>>> print(open('protein.pdb').read())   # PDB, C-alpha atoms, pLDDT in the B column
ATOM      1  CA  MET H   1      -1.647   3.671 -17.000  1.00 59.00           C
ATOM      2  CA  ALA H   2      -4.825   2.672 -15.157  1.00 60.00           C
ATOM      3  CA  GLY H   3      -8.131   1.661 -16.671  1.00 61.00           C
ATOM      4  CA  GLU H   4     -11.323   3.662 -16.558  1.00 73.00           C
ATOM      5  CA  GLY H   5     -13.679   3.536 -13.617  1.00 90.00           C
ATOM      6  CA  TYR H   6     -11.377   4.866 -10.896  1.00 96.00           C
ATOM      7  CA  ALA H   7     -11.534   8.211  -9.103  1.00 94.00           C
ATOM      8  CA  ARG H   8      -7.729   8.471  -9.025  1.00 95.00           C
ATOM      9  CA  PRO H   9      -6.469   6.281 -11.884  1.00 96.00           C
ATOM     10  CA  GLU H  10      -3.024   7.891 -11.676  1.00 96.00           C
ATOM     11  CA  LEU H  11      -2.426   5.997  -8.433  1.00 97.00           C
ATOM     12  CA  LEU H  12      -2.583   2.667 -10.241  1.00 98.00           C
ATOM     13  CA  ALA H  13      -0.639   0.969 -13.010  1.00 98.00           C
ATOM     14  CA  GLU H  14      -2.338  -1.666 -15.148  1.00 97.00           C
ATOM     15  CA  THR H  15      -0.565  -4.908 -16.015  1.00 98.00           C
ATOM     16  CA  ASP H  16      -0.608  -4.301 -19.774  1.00 97.00           C
ATOM     17  CA  TRP H  17       1.007  -0.892 -19.336  1.00 97.00           C
ATOM     18  CA  LEU H  18       3.759  -2.238 -17.088  1.00 98.00           C
ATOM     19  CA  ALA H  19       4.407  -5.140 -19.453  1.00 98.00           C
ATOM     20  CA  ASN H  20       5.292  -2.563 -22.113  1.00 98.00           C
ATOM     21  CA  HIS H  21       7.588  -0.551 -19.814  1.00 98.00           C
ATOM     22  CA  LEU H  22       9.664  -3.226 -18.071  1.00 97.00           C
ATOM     23  CA  ASP H  23      12.939  -1.878 -19.424  1.00 95.00           C
ATOM     24  CA  ASP H  24      12.307   1.833 -18.817  1.00 96.00           C
ATOM     25  CA  GLN H  25      15.317   3.279 -17.019  1.00 94.00           C
ATOM     26  CA  ASP H  26      13.308   5.707 -14.870  1.00 96.00           C
ATOM     27  CA  ILE H  27      11.020   3.037 -13.365  1.00 98.00           C
ATOM     28  CA  CYS H  28      11.682   0.957 -10.264  1.00 98.00           C
ATOM     29  CA  ILE H  29       9.403  -2.071  -9.936  1.00 98.00           C
ATOM     30  CA  VAL H  30       9.202  -3.213  -6.316  1.00 98.00           C
ATOM     31  CA  ASP H  31       8.149  -6.720  -5.357  1.00 98.00           C
ATOM     32  CA  CYS H  32       6.747  -6.372  -1.838  1.00 98.00           C
ATOM     33  CA  GLU H  33       6.637 -10.075  -1.079  1.00 98.00           C
ATOM     34  CA  THR H  34       9.126 -11.987   1.085  1.00 97.00           C
ATOM     35  CA  PRO H  35      12.538 -12.876  -0.338  1.00 98.00           C
ATOM     36  CA  ASP H  36      11.494 -16.534  -0.631  1.00 98.00           C
ATOM     37  CA  ALA H  37       8.482 -15.684  -2.793  1.00 98.00           C
ATOM     38  CA  TYR H  38      10.579 -13.258  -4.842  1.00 98.00           C
ATOM     39  CA  GLY H  39      13.201 -15.940  -5.391  1.00 98.00           C
ATOM     40  CA  ARG H  40      10.647 -18.346  -6.833  1.00 98.00           C
ATOM     41  CA  ALA H  41       9.394 -15.901  -9.468  1.00 98.00           C
ATOM     42  CA  HIS H  42       8.814 -12.195  -9.970  1.00 98.00           C
ATOM     43  CA  ILE H  43       8.302  -9.526 -12.614  1.00 98.00           C
ATOM     44  CA  PRO H  44      11.475  -8.967 -14.683  1.00 98.00           C
ATOM     45  CA  ASN H  45      13.679  -6.131 -13.378  1.00 98.00           C
ATOM     46  CA  ALA H  46      11.749  -5.979 -10.094  1.00 98.00           C
ATOM     47  CA  VAL H  47      13.685  -5.479  -6.865  1.00 98.00           C
ATOM     48  CA  ASN H  48      12.569  -7.071  -3.629  1.00 98.00           C
ATOM     49  CA  VAL H  49      11.584  -5.109  -0.546  1.00 98.00           C
ATOM     50  CA  GLY H  50      13.179  -7.735   1.717  1.00 98.00           C
ATOM     51  CA  THR H  51      11.994  -9.153   5.011  1.00 97.00           C
ATOM     52  CA  ASN H  52      10.777  -5.808   6.377  1.00 97.00           C
ATOM     53  CA  THR H  53       7.627  -5.775   4.252  1.00 98.00           C
ATOM     54  CA  TYR H  54       5.913  -3.077   6.349  1.00 98.00           C
ATOM     55  CA  ILE H  55       9.013  -0.847   6.375  1.00 98.00           C
ATOM     56  CA  LYS H  56       8.926  -0.422  10.137  1.00 97.00           C
ATOM     57  CA  GLY H  57      11.663   1.080  12.274  1.00 96.00           C
ATOM     58  CA  THR H  58      13.797  -0.773  14.767  1.00 93.00           C
ATOM     59  CA  ASP H  59      11.003  -0.497  17.349  1.00 91.00           C
ATOM     60  CA  ARG H  60       8.874  -2.696  15.020  1.00 89.00           C
ATOM     61  CA  LEU H  61       5.888  -0.455  15.761  1.00 89.00           C
ATOM     62  CA  HIS H  62       6.312   2.759  13.805  1.00 94.00           C
ATOM     63  CA  VAL H  63       7.363   3.455  10.242  1.00 97.00           C
ATOM     64  CA  MET H  64      11.114   3.817   9.661  1.00 97.00           C
ATOM     65  CA  PRO H  65      12.546   7.201  10.668  1.00 98.00           C
ATOM     66  CA  PRO H  66      13.909   9.456   7.881  1.00 98.00           C
ATOM     67  CA  ASP H  67      17.543   8.343   8.080  1.00 97.00           C
ATOM     68  CA  GLU H  68      16.624   4.664   7.919  1.00 97.00           C
ATOM     69  CA  VAL H  69      14.119   5.094   5.103  1.00 98.00           C
ATOM     70  CA  ALA H  70      16.653   7.105   3.076  1.00 98.00           C
ATOM     71  CA  THR H  71      19.072   4.175   3.191  1.00 98.00           C
ATOM     72  CA  PHE H  72      16.319   1.611   2.635  1.00 98.00           C
ATOM     73  CA  MET H  73      14.811   3.274  -0.450  1.00 98.00           C
ATOM     74  CA  GLY H  74      18.185   4.274  -1.867  1.00 98.00           C
ATOM     75  CA  ALA H  75      19.376   0.672  -1.708  1.00 98.00           C
ATOM     76  CA  LEU H  76      16.348  -0.393  -3.761  1.00 98.00           C
ATOM     77  CA  GLY H  77      17.333   2.047  -6.488  1.00 98.00           C
ATOM     78  CA  ILE H  78      14.641   4.620  -5.740  1.00 98.00           C
ATOM     79  CA  SER H  79      15.889   8.158  -6.278  1.00 98.00           C
ATOM     80  CA  ASP H  80      13.916  11.375  -5.900  1.00 98.00           C
ATOM     81  CA  ASP H  81      12.927  11.238  -9.588  1.00 97.00           C
ATOM     82  CA  THR H  82      12.093   7.546  -9.891  1.00 98.00           C
ATOM     83  CA  LEU H  83       8.645   6.312 -10.859  1.00 98.00           C
ATOM     84  CA  VAL H  84       7.880   3.412  -8.522  1.00 98.00           C
ATOM     85  CA  VAL H  85       5.440   0.589  -9.262  1.00 98.00           C
ATOM     86  CA  ALA H  86       4.782  -1.655  -6.265  1.00 99.00           C
ATOM     87  CA  TYR H  87       3.042  -5.029  -6.279  1.00 99.00           C
ATOM     88  CA  ASP H  88       2.400  -8.089  -4.139  1.00 98.00           C
ATOM     89  CA  ASN H  89       0.307 -11.260  -4.117  1.00 98.00           C
ATOM     90  CA  ARG H  90      -1.897 -10.257  -1.164  1.00 97.00           C
ATOM     91  CA  ASN H  91      -4.569  -8.109  -2.810  1.00 98.00           C
ATOM     92  CA  SER H  92      -2.203  -5.105  -2.655  1.00 98.00           C
ATOM     93  CA  LEU H  93      -1.920  -5.129   1.150  1.00 98.00           C
ATOM     94  CA  LEU H  94       1.876  -4.755   1.173  1.00 98.00           C
ATOM     95  CA  ALA H  95       2.050  -2.730  -2.049  1.00 98.00           C
ATOM     96  CA  ALA H  96      -0.381  -0.183  -0.614  1.00 98.00           C
ATOM     97  CA  ARG H  97       1.718   0.019   2.533  1.00 98.00           C
ATOM     98  CA  PHE H  98       4.807   0.680   0.396  1.00 98.00           C
ATOM     99  CA  TRP H  99       2.831   3.305  -1.545  1.00 98.00           C
ATOM    100  CA  TRP H 100       1.834   5.017   1.708  1.00 98.00           C
ATOM    101  CA  VAL H 101       5.368   5.042   3.136  1.00 98.00           C
ATOM    102  CA  LEU H 102       6.726   6.696  -0.014  1.00 98.00           C
ATOM    103  CA  ASN H 103       3.936   9.283   0.035  1.00 98.00           C
ATOM    104  CA  TYR H 104       4.521   9.925   3.733  1.00 98.00           C
ATOM    105  CA  TYR H 105       8.137  10.687   2.896  1.00 98.00           C
ATOM    106  CA  GLY H 106       7.210  13.024   0.054  1.00 98.00           C
ATOM    107  CA  HIS H 107       7.694  10.667  -2.895  1.00 98.00           C
ATOM    108  CA  THR H 108       4.334  10.824  -4.682  1.00 98.00           C
ATOM    109  CA  ASN H 109       5.581   9.367  -7.966  1.00 98.00           C
ATOM    110  CA  VAL H 110       4.459   5.867  -7.017  1.00 98.00           C
ATOM    111  CA  LYS H 111       1.734   3.503  -8.215  1.00 98.00           C
ATOM    112  CA  VAL H 112       0.255   0.199  -7.110  1.00 98.00           C
ATOM    113  CA  LEU H 113       0.046  -2.503  -9.777  1.00 98.00           C
ATOM    114  CA  ASN H 114      -3.678  -3.124 -10.138  1.00 98.00           C
ATOM    115  CA  GLY H 115      -4.275  -6.834  -9.629  1.00 98.00           C
ATOM    116  CA  GLY H 116      -0.703  -7.428  -8.501  1.00 98.00           C
ATOM    117  CA  TRP H 117       1.148 -10.669  -9.007  1.00 98.00           C
ATOM    118  CA  HIS H 118      -2.084 -12.684  -9.220  1.00 98.00           C
ATOM    119  CA  LYS H 119      -3.334 -10.783 -12.259  1.00 98.00           C
ATOM    120  CA  TRP H 120       0.153 -10.748 -13.787  1.00 98.00           C
ATOM    121  CA  MET H 121       0.380 -14.555 -13.581  1.00 98.00           C
ATOM    122  CA  THR H 122      -3.201 -15.052 -14.742  1.00 97.00           C
ATOM    123  CA  GLU H 123      -2.425 -13.058 -17.869  1.00 98.00           C
ATOM    124  CA  LYS H 124       0.744 -15.150 -18.377  1.00 98.00           C
ATOM    125  CA  LEU H 125       2.993 -12.117 -18.619  1.00 98.00           C
ATOM    126  CA  ALA H 126       6.800 -12.229 -18.428  1.00 98.00           C
ATOM    127  CA  MET H 127       8.382 -13.505 -15.230  1.00 98.00           C
ATOM    128  CA  THR H 128      11.798 -14.547 -14.004  1.00 98.00           C
ATOM    129  CA  ASP H 129      13.641 -15.924 -10.993  1.00 98.00           C
ATOM    130  CA  ARG H 130      16.750 -13.829 -11.572  1.00 97.00           C
ATOM    131  CA  PRO H 131      17.338 -11.006  -9.073  1.00 97.00           C
ATOM    132  CA  ALA H 132      17.650  -7.508 -10.471  1.00 96.00           C
ATOM    133  CA  ASN H 133      20.987  -5.696 -10.452  1.00 92.00           C
ATOM    134  CA  THR H 134      20.615  -2.457  -8.522  1.00 94.00           C
ATOM    135  CA  LEU H 135      23.008   0.365  -7.769  1.00 94.00           C
ATOM    136  CA  PRO H 136      22.379   2.469  -4.634  1.00 96.00           C
ATOM    137  CA  VAL H 137      21.050   5.964  -5.296  1.00 98.00           C
ATOM    138  CA  LYS H 138      20.129   8.977  -3.166  1.00 98.00           C
ATOM    139  CA  PHE H 139      16.634   9.170  -1.722  1.00 98.00           C
ATOM    140  CA  THR H 140      15.647  12.359   0.108  1.00 98.00           C
ATOM    141  CA  PRO H 141      12.843  11.839   2.662  1.00 98.00           C
ATOM    142  CA  LYS H 142      10.502  14.802   3.140  1.00 98.00           C
ATOM    143  CA  VAL H 143       7.916  14.021   5.804  1.00 98.00           C
ATOM    144  CA  ASP H 144       4.289  14.886   5.031  1.00 98.00           C
ATOM    145  CA  PRO H 145       2.719  15.011   8.514  1.00 96.00           C
ATOM    146  CA  SER H 146      -0.783  15.320   7.039  1.00 96.00           C
ATOM    147  CA  LEU H 147      -0.717  11.615   6.170  1.00 97.00           C
ATOM    148  CA  ILE H 148      -0.572  10.350   9.741  1.00 97.00           C
ATOM    149  CA  VAL H 149      -2.444  10.937  12.988  1.00 97.00           C
ATOM    150  CA  SER H 150      -1.295  10.283  16.540  1.00 95.00           C
ATOM    151  CA  ALA H 151      -3.376   8.293  19.011  1.00 94.00           C
ATOM    152  CA  ASP H 152      -3.822  11.373  21.189  1.00 97.00           C
ATOM    153  CA  ASP H 153      -5.062  13.432  18.249  1.00 97.00           C
ATOM    154  CA  LEU H 154      -7.439  10.677  17.173  1.00 98.00           C
ATOM    155  CA  LYS H 155      -8.932  10.554  20.669  1.00 97.00           C
ATOM    156  CA  GLN H 156      -9.993  14.165  20.198  1.00 97.00           C
ATOM    157  CA  GLN H 157     -12.020  13.184  17.126  1.00 97.00           C
ATOM    158  CA  ILE H 158     -14.120  10.481  18.783  1.00 97.00           C
ATOM    159  CA  GLY H 159     -17.788  11.397  18.468  1.00 96.00           C
ATOM    160  CA  ASN H 160     -17.147  14.217  15.972  1.00 97.00           C
ATOM    161  CA  ASN H 161     -19.965  14.091  13.394  1.00 96.00           C
ATOM    162  CA  ASN H 162     -17.707  15.683  10.781  1.00 97.00           C
ATOM    163  CA  VAL H 163     -15.233  12.838  11.055  1.00 98.00           C
ATOM    164  CA  ALA H 164     -15.296   9.196   9.994  1.00 98.00           C
ATOM    165  CA  ILE H 165     -12.965   6.819  11.830  1.00 98.00           C
ATOM    166  CA  TRP H 166     -12.747   3.716   9.668  1.00 98.00           C
ATOM    167  CA  ASP H 167     -11.576   0.398  11.138  1.00 98.00           C
ATOM    168  CA  VAL H 168     -10.287  -1.583   8.137  1.00 98.00           C
ATOM    169  CA  ARG H 169      -9.141  -4.688  10.032  1.00 97.00           C
ATOM    170  CA  SER H 170     -10.781  -8.124  10.087  1.00 97.00           C
ATOM    171  CA  LYS H 171     -14.182  -8.598  11.728  1.00 97.00           C
ATOM    172  CA  ALA H 172     -12.620 -10.660  14.529  1.00 97.00           C
ATOM    173  CA  GLU H 173     -10.178  -7.863  15.329  1.00 97.00           C
ATOM    174  CA  TYR H 174     -12.971  -5.292  15.278  1.00 97.00           C
ATOM    175  CA  THR H 175     -15.146  -7.303  17.701  1.00 97.00           C
ATOM    176  CA  GLY H 176     -12.201  -8.112  19.946  1.00 96.00           C
ATOM    177  CA  GLU H 177     -12.337 -11.875  19.331  1.00 96.00           C
ATOM    178  CA  ASN H 178      -8.814 -11.749  17.910  1.00 95.00           C
ATOM    179  CA  ALA H 179      -6.373  -9.545  19.826  1.00 93.00           C
ATOM    180  CA  ARG H 180      -3.418 -10.632  17.661  1.00 91.00           C
ATOM    181  CA  GLY H 181      -1.207 -10.707  20.729  1.00 89.00           C
ATOM    182  CA  ASN H 182      -1.954  -7.125  21.743  1.00 88.00           C
ATOM    183  CA  LYS H 183      -2.652  -6.130  25.333  1.00 90.00           C
ATOM    184  CA  TYR H 184      -6.020  -4.661  24.420  1.00 90.00           C
ATOM    185  CA  SER H 185      -8.656  -5.729  21.906  1.00 96.00           C
ATOM    186  CA  GLY H 186     -11.761  -4.196  20.357  1.00 97.00           C
ATOM    187  CA  HIS H 187     -12.031  -0.951  18.412  1.00 97.00           C
ATOM    188  CA  VAL H 188     -11.948   2.832  18.704  1.00 97.00           C
ATOM    189  CA  PRO H 189     -15.238   4.252  20.061  1.00 97.00           C
ATOM    190  CA  SER H 190     -17.567   5.753  17.416  1.00 96.00           C
ATOM    191  CA  CYS H 191     -15.610   4.150  14.559  1.00 98.00           C
ATOM    192  CA  THR H 192     -17.232   2.476  11.585  1.00 98.00           C
ATOM    193  CA  PHE H 193     -16.196  -0.905  10.225  1.00 98.00           C
ATOM    194  CA  MET H 194     -15.537  -2.410   6.815  1.00 98.00           C
ATOM    195  CA  GLU H 195     -12.665  -4.801   6.199  1.00 98.00           C
ATOM    196  CA  TRP H 196     -10.137  -3.510   3.671  1.00 97.00           C
ATOM    197  CA  THR H 197     -10.666  -6.545   1.449  1.00 98.00           C
ATOM    198  CA  ASP H 198     -14.184  -5.301   0.674  1.00 98.00           C
ATOM    199  CA  VAL H 199     -12.733  -2.681  -1.679  1.00 97.00           C
ATOM    200  CA  MET H 200     -10.956  -5.433  -3.624  1.00 98.00           C
ATOM    201  CA  ASP H 201     -12.191  -7.862  -6.255  1.00 97.00           C
ATOM    202  CA  LEU H 202     -10.818 -11.001  -4.649  1.00 95.00           C
ATOM    203  CA  GLY H 203     -11.233 -12.934  -7.887  1.00 95.00           C
ATOM    204  CA  THR H 204      -8.881 -10.764  -9.902  1.00 96.00           C
ATOM    205  CA  GLY H 205      -6.901  -9.099  -7.119  1.00 96.00           C
ATOM    206  CA  ALA H 206      -7.745  -5.680  -8.606  1.00 97.00           C
ATOM    207  CA  PHE H 207      -9.463  -2.769  -6.906  1.00 98.00           C
ATOM    208  CA  ARG H 208     -13.227  -2.583  -7.360  1.00 97.00           C
ATOM    209  CA  PRO H 209     -14.463   0.255  -9.603  1.00 96.00           C
ATOM    210  CA  GLN H 210     -15.021   3.673  -8.051  1.00 96.00           C
ATOM    211  CA  GLU H 211     -18.820   3.374  -8.070  1.00 96.00           C
ATOM    212  CA  GLU H 212     -18.775   0.097  -6.133  1.00 97.00           C
ATOM    213  CA  ILE H 213     -16.258   1.349  -3.579  1.00 97.00           C
ATOM    214  CA  GLN H 214     -18.139   4.604  -3.087  1.00 97.00           C
ATOM    215  CA  GLN H 215     -21.430   2.772  -2.478  1.00 97.00           C
ATOM    216  CA  ARG H 216     -19.822   0.525   0.103  1.00 98.00           C
ATOM    217  CA  LEU H 217     -18.179   3.465   1.870  1.00 98.00           C
ATOM    218  CA  GLU H 218     -21.376   5.508   1.947  1.00 98.00           C
ATOM    219  CA  LYS H 219     -23.176   2.611   3.649  1.00 98.00           C
ATOM    220  CA  ILE H 220     -20.762   2.829   6.579  1.00 98.00           C
ATOM    221  CA  GLY H 221     -20.755   6.619   6.739  1.00 98.00           C
ATOM    222  CA  VAL H 222     -17.437   7.295   5.022  1.00 98.00           C
ATOM    223  CA  THR H 223     -18.453  10.156   2.751  1.00 97.00           C
ATOM    224  CA  LYS H 224     -16.674  12.892   0.814  1.00 95.00           C
ATOM    225  CA  ASP H 225     -17.754  15.640   3.200  1.00 97.00           C
ATOM    226  CA  LYS H 226     -15.922  14.095   6.175  1.00 98.00           C
ATOM    227  CA  GLN H 227     -12.340  13.944   7.326  1.00 97.00           C
ATOM    228  CA  VAL H 228     -11.499  10.251   7.272  1.00 98.00           C
ATOM    229  CA  TYR H 229      -9.070   8.480   9.594  1.00 98.00           C
ATOM    230  CA  THR H 230      -8.202   4.817   9.017  1.00 98.00           C
ATOM    231  CA  TYR H 231      -6.521   2.175  11.106  1.00 96.00           C
TER     232      TYR H 231
END
>>> encode(input="protein.pdb", output="structure tokens")
Amino acid sequence: MAGEGYARPELLAETDWLANHLDDQDICIVDCETPDAYGRAHIPNAVNVGTNTYIKGTDRLHVMPPDEVATFMGALGISDDTLVVAYDNRNSLLAARFWWVLNYYGHTNVKVLNGGWHKWMTEKLAMTDRPANTLPVKFTPKVDPSLIVSADDLKQQIGNNNVAIWDVRSKAEYTGENARGNKYSGHVPSCTFMEWTDVMDLGTGAFRPQEEIQQRLEKIGVTKDKQVYTY
């Protein structure tokens, strides 16, 4: 499904593979862009995530609680056995978020389309403006608490040499120049910084190869021997 050169290729789906599986009944393709973008054009048979692209709860801060996410995913046609392929046109920012939410709720059968909509269009693959017909199904959320850390727990890790706290935001957010409307600005003490876009090939929209990503991470102290926390 994914090309060579990745440490975990099973987490990705390549465009050529998806192009040959558009009509598979056990696959749900999820367009993570806004409804307007979806309405202009999307991959055939893809459903749209809607306006709540980060899948947050009613408090707009945290991820949806189990009951809400069960309804949300079920309405998209994602059952407990569905293979999900998520994509966007933002260097996989929203698709990766969708991937994480599904994993957090115990659905690990999910992949990010490597290169997303940008690569799909560049390769002139099939597209449509017709919305997909979807019947609601049952999605059973099973929380995996190991995939999230609370602020209080993270505070306990500050200064721990066996831990890497990785700030993946923009440089302006890291330095505090851009607070993005938050009460406080800056970064977590003892964290390391590298913007998330540095692991992407911004020309193709695909993830950089494993070797390149690993070299970049090692330079900032994010190594295999450490517990890594990201924010």
>>> closest_residue(input="protein.pdb", among="H:Gly74, H:Pro141, H:Pro44, H:Pro209", to="His21 (chain H)", atoms="all atoms listed in the file")
H:Pro44
>>> resolve_selection(input="protein.pdb", expression="the PyMOL selection byres ((chain H and resi 98-112) around 10)", output="number ranges by chain")
H: 1-2, 9-14, 27-32, 49, 53-56, 63-66, 69-70, 73, 78-88, 92-97, 113-116, 139-148
>>> closest_residue(input="protein.pdb", among="H:Asn162, H:Thr51, H:Ser170, H:Asn20", to="Pro35 (chain H)", atoms="only C-alpha atoms")
H:Thr51
>>> atom_distance(input="protein.pdb", atom1="CA of Arg169 (chain H)", atom2="CA of Thr15 (chain H)")
27.4 Å
>>> atom_distance(input="protein.pdb", atom1="CA of Trp196 (chain H)", atom2="CA of Val168 (chain H)")
4.9 Å
>>> closest_residue(input="protein.pdb", among="H:Val188, H:Ala164, H:Leu135, H:Val47", to="Tyr229 (chain H)", atoms="all atoms listed in the file")
H:Ala164
>>> closest_residue(input="protein.pdb", among="H:Ser190, H:Asn161, H:Asn45, H:Thr204", to="Asp225 (chain H)", atoms="all atoms listed in the file")
H:Asn161
>>> resolve_selection(input="protein.pdb", expression="the PyMOL selection byres ((chain H and resi 186) around 9)", output="PyMOL selection string")
chain H and resi 172-179+184-185+187-188
>>> closest_residue(input="protein.pdb", among="H:Arg8, H:Asn89, H:His42, H:Lys138", to="Thr71 (chain H)", atoms="only C-alpha atoms")
H:Lys138
>>> atom_distance(input="protein.pdb", atom1="CA of Thr122 (chain H)", atom2="CA of Glu33 (chain H)")
17.6 Å
>>> closest_residue(input="protein.pdb", among="H:Leu76, H:Val163, H:Ile43, H:Ile220", to="Asp129 (chain H)", atoms="all atoms listed in the file")
H:Ile43
>>> axis_aligned_box(input="protein.pdb", around="region 56-69 of chain H", padding_each_side="8 Å", output="AutoDock Vina command-line options")
--center_x 11.7 --center_y 3.4 --center_z 11.2 --size_x 27.7 --size_y 28.2 --size_z 28.2
>>> residues_around(input="protein.pdb", residues="Ala151 (chain H)", least_positions_apart="3", cutoff="12 Å", atoms="all atoms listed in the file", output="number ranges by chain")
H: 148, 154-158, 188, 229-231
>>> build_atoms(input="protein.pdb", residues="region 209-230 of chain H", atoms="N, CA and C atoms", output="PDB file, in the coordinates of the input")
ATOM      1  N   PRO H 209     -14.264  -1.052  -8.962  1.00 96.00           N
ATOM      2  CA  PRO H 209     -14.463   0.255  -9.603  1.00 96.00           C
ATOM      3  C   PRO H 209     -14.912   1.304  -8.593  1.00 96.00           C
ATOM      4  N   GLN H 210     -14.690   2.555  -8.923  1.00 96.00           N
ATOM      5  CA  GLN H 210     -15.021   3.673  -8.051  1.00 96.00           C
ATOM      6  C   GLN H 210     -16.451   3.612  -7.544  1.00 96.00           C
ATOM      7  N   GLU H 211     -17.402   3.358  -8.447  1.00 96.00           N
ATOM      8  CA  GLU H 211     -18.820   3.374  -8.070  1.00 96.00           C
ATOM      9  C   GLU H 211     -19.114   2.342  -6.990  1.00 96.00           C
ATOM     10  N   GLU H 212     -18.550   1.139  -7.123  1.00 97.00           N
ATOM     11  CA  GLU H 212     -18.775   0.097  -6.133  1.00 97.00           C
ATOM     12  C   GLU H 212     -18.149   0.466  -4.791  1.00 97.00           C
ATOM     13  N   ILE H 213     -16.924   0.966  -4.823  1.00 97.00           N
ATOM     14  CA  ILE H 213     -16.258   1.349  -3.579  1.00 97.00           C
ATOM     15  C   ILE H 213     -17.018   2.474  -2.892  1.00 97.00           C
ATOM     16  N   GLN H 214     -17.430   3.464  -3.666  1.00 97.00           N
ATOM     17  CA  GLN H 214     -18.139   4.604  -3.087  1.00 97.00           C
ATOM     18  C   GLN H 214     -19.442   4.162  -2.427  1.00 97.00           C
ATOM     19  N   GLN H 215     -20.180   3.266  -3.055  1.00 97.00           N
ATOM     20  CA  GLN H 215     -21.430   2.772  -2.478  1.00 97.00           C
ATOM     21  C   GLN H 215     -21.179   2.056  -1.161  1.00 97.00           C
ATOM     22  N   ARG H 216     -20.144   1.260  -1.118  1.00 98.00           N
ATOM     23  CA  ARG H 216     -19.822   0.525   0.103  1.00 98.00           C
ATOM     24  C   ARG H 216     -19.395   1.474   1.228  1.00 98.00           C
ATOM     25  N   LEU H 217     -18.626   2.505   0.860  1.00 98.00           N
ATOM     26  CA  LEU H 217     -18.179   3.465   1.870  1.00 98.00           C
ATOM     27  C   LEU H 217     -19.344   4.300   2.401  1.00 98.00           C
ATOM     28  N   GLU H 218     -20.230   4.695   1.519  1.00 98.00           N
ATOM     29  CA  GLU H 218     -21.376   5.508   1.947  1.00 98.00           C
ATOM     30  C   GLU H 218     -22.255   4.746   2.922  1.00 98.00           C
ATOM     31  N   LYS H 219     -22.359   3.432   2.749  1.00 98.00           N
ATOM     32  CA  LYS H 219     -23.176   2.611   3.649  1.00 98.00           C
ATOM     33  C   LYS H 219     -22.643   2.626   5.075  1.00 98.00           C
ATOM     34  N   ILE H 220     -21.335   2.819   5.225  1.00 98.00           N
ATOM     35  CA  ILE H 220     -20.762   2.829   6.579  1.00 98.00           C
ATOM     36  C   ILE H 220     -20.468   4.252   7.063  1.00 98.00           C
ATOM     37  N   GLY H 221     -20.904   5.238   6.296  1.00 98.00           N
ATOM     38  CA  GLY H 221     -20.755   6.619   6.739  1.00 98.00           C
ATOM     39  C   GLY H 221     -19.452   7.291   6.373  1.00 98.00           C
ATOM     40  N   VAL H 222     -18.672   6.671   5.491  1.00 98.00           N
ATOM     41  CA  VAL H 222     -17.437   7.295   5.022  1.00 98.00           C
ATOM     42  C   VAL H 222     -17.780   8.046   3.737  1.00 98.00           C
ATOM     43  N   THR H 223     -17.996   9.337   3.871  1.00 97.00           N
ATOM     44  CA  THR H 223     -18.453  10.156   2.751  1.00 97.00           C
ATOM     45  C   THR H 223     -17.464  11.287   2.464  1.00 97.00           C
ATOM     46  N   LYS H 224     -17.621  11.890   1.283  1.00 95.00           N
ATOM     47  CA  LYS H 224     -16.674  12.892   0.814  1.00 95.00           C
ATOM     48  C   LYS H 224     -16.637  14.147   1.676  1.00 95.00           C
ATOM     49  N   ASP H 225     -17.690  14.410   2.411  1.00 97.00           N
ATOM     50  CA  ASP H 225     -17.754  15.640   3.200  1.00 97.00           C
ATOM     51  C   ASP H 225     -17.068  15.498   4.551  1.00 97.00           C
ATOM     52  N   LYS H 226     -16.534  14.319   4.860  1.00 98.00           N
ATOM     53  CA  LYS H 226     -15.922  14.095   6.175  1.00 98.00           C
ATOM     54  C   LYS H 226     -14.416  13.895   6.081  1.00 98.00           C
ATOM     55  N   GLN H 227     -13.753  14.296   7.163  1.00 97.00           N
ATOM     56  CA  GLN H 227     -12.340  13.944   7.326  1.00 97.00           C
ATOM     57  C   GLN H 227     -12.304  12.481   7.729  1.00 97.00           C
ATOM     58  N   VAL H 228     -11.531  11.679   7.012  1.00 98.00           N
ATOM     59  CA  VAL H 228     -11.499  10.251   7.272  1.00 98.00           C
ATOM     60  C   VAL H 228     -10.167   9.843   7.895  1.00 98.00           C
ATOM     61  N   TYR H 229     -10.251   9.048   8.961  1.00 98.00           N
ATOM     62  CA  TYR H 229      -9.070   8.480   9.594  1.00 98.00           C
ATOM     63  C   TYR H 229      -9.210   6.949   9.496  1.00 98.00           C
ATOM     64  N   THR H 230      -8.149   6.274   9.126  1.00 98.00           N
ATOM     65  CA  THR H 230      -8.202   4.817   9.017  1.00 98.00           C
ATOM     66  C   THR H 230      -7.179   4.158   9.925  1.00 98.00           C
TER      67      THR H 230
END
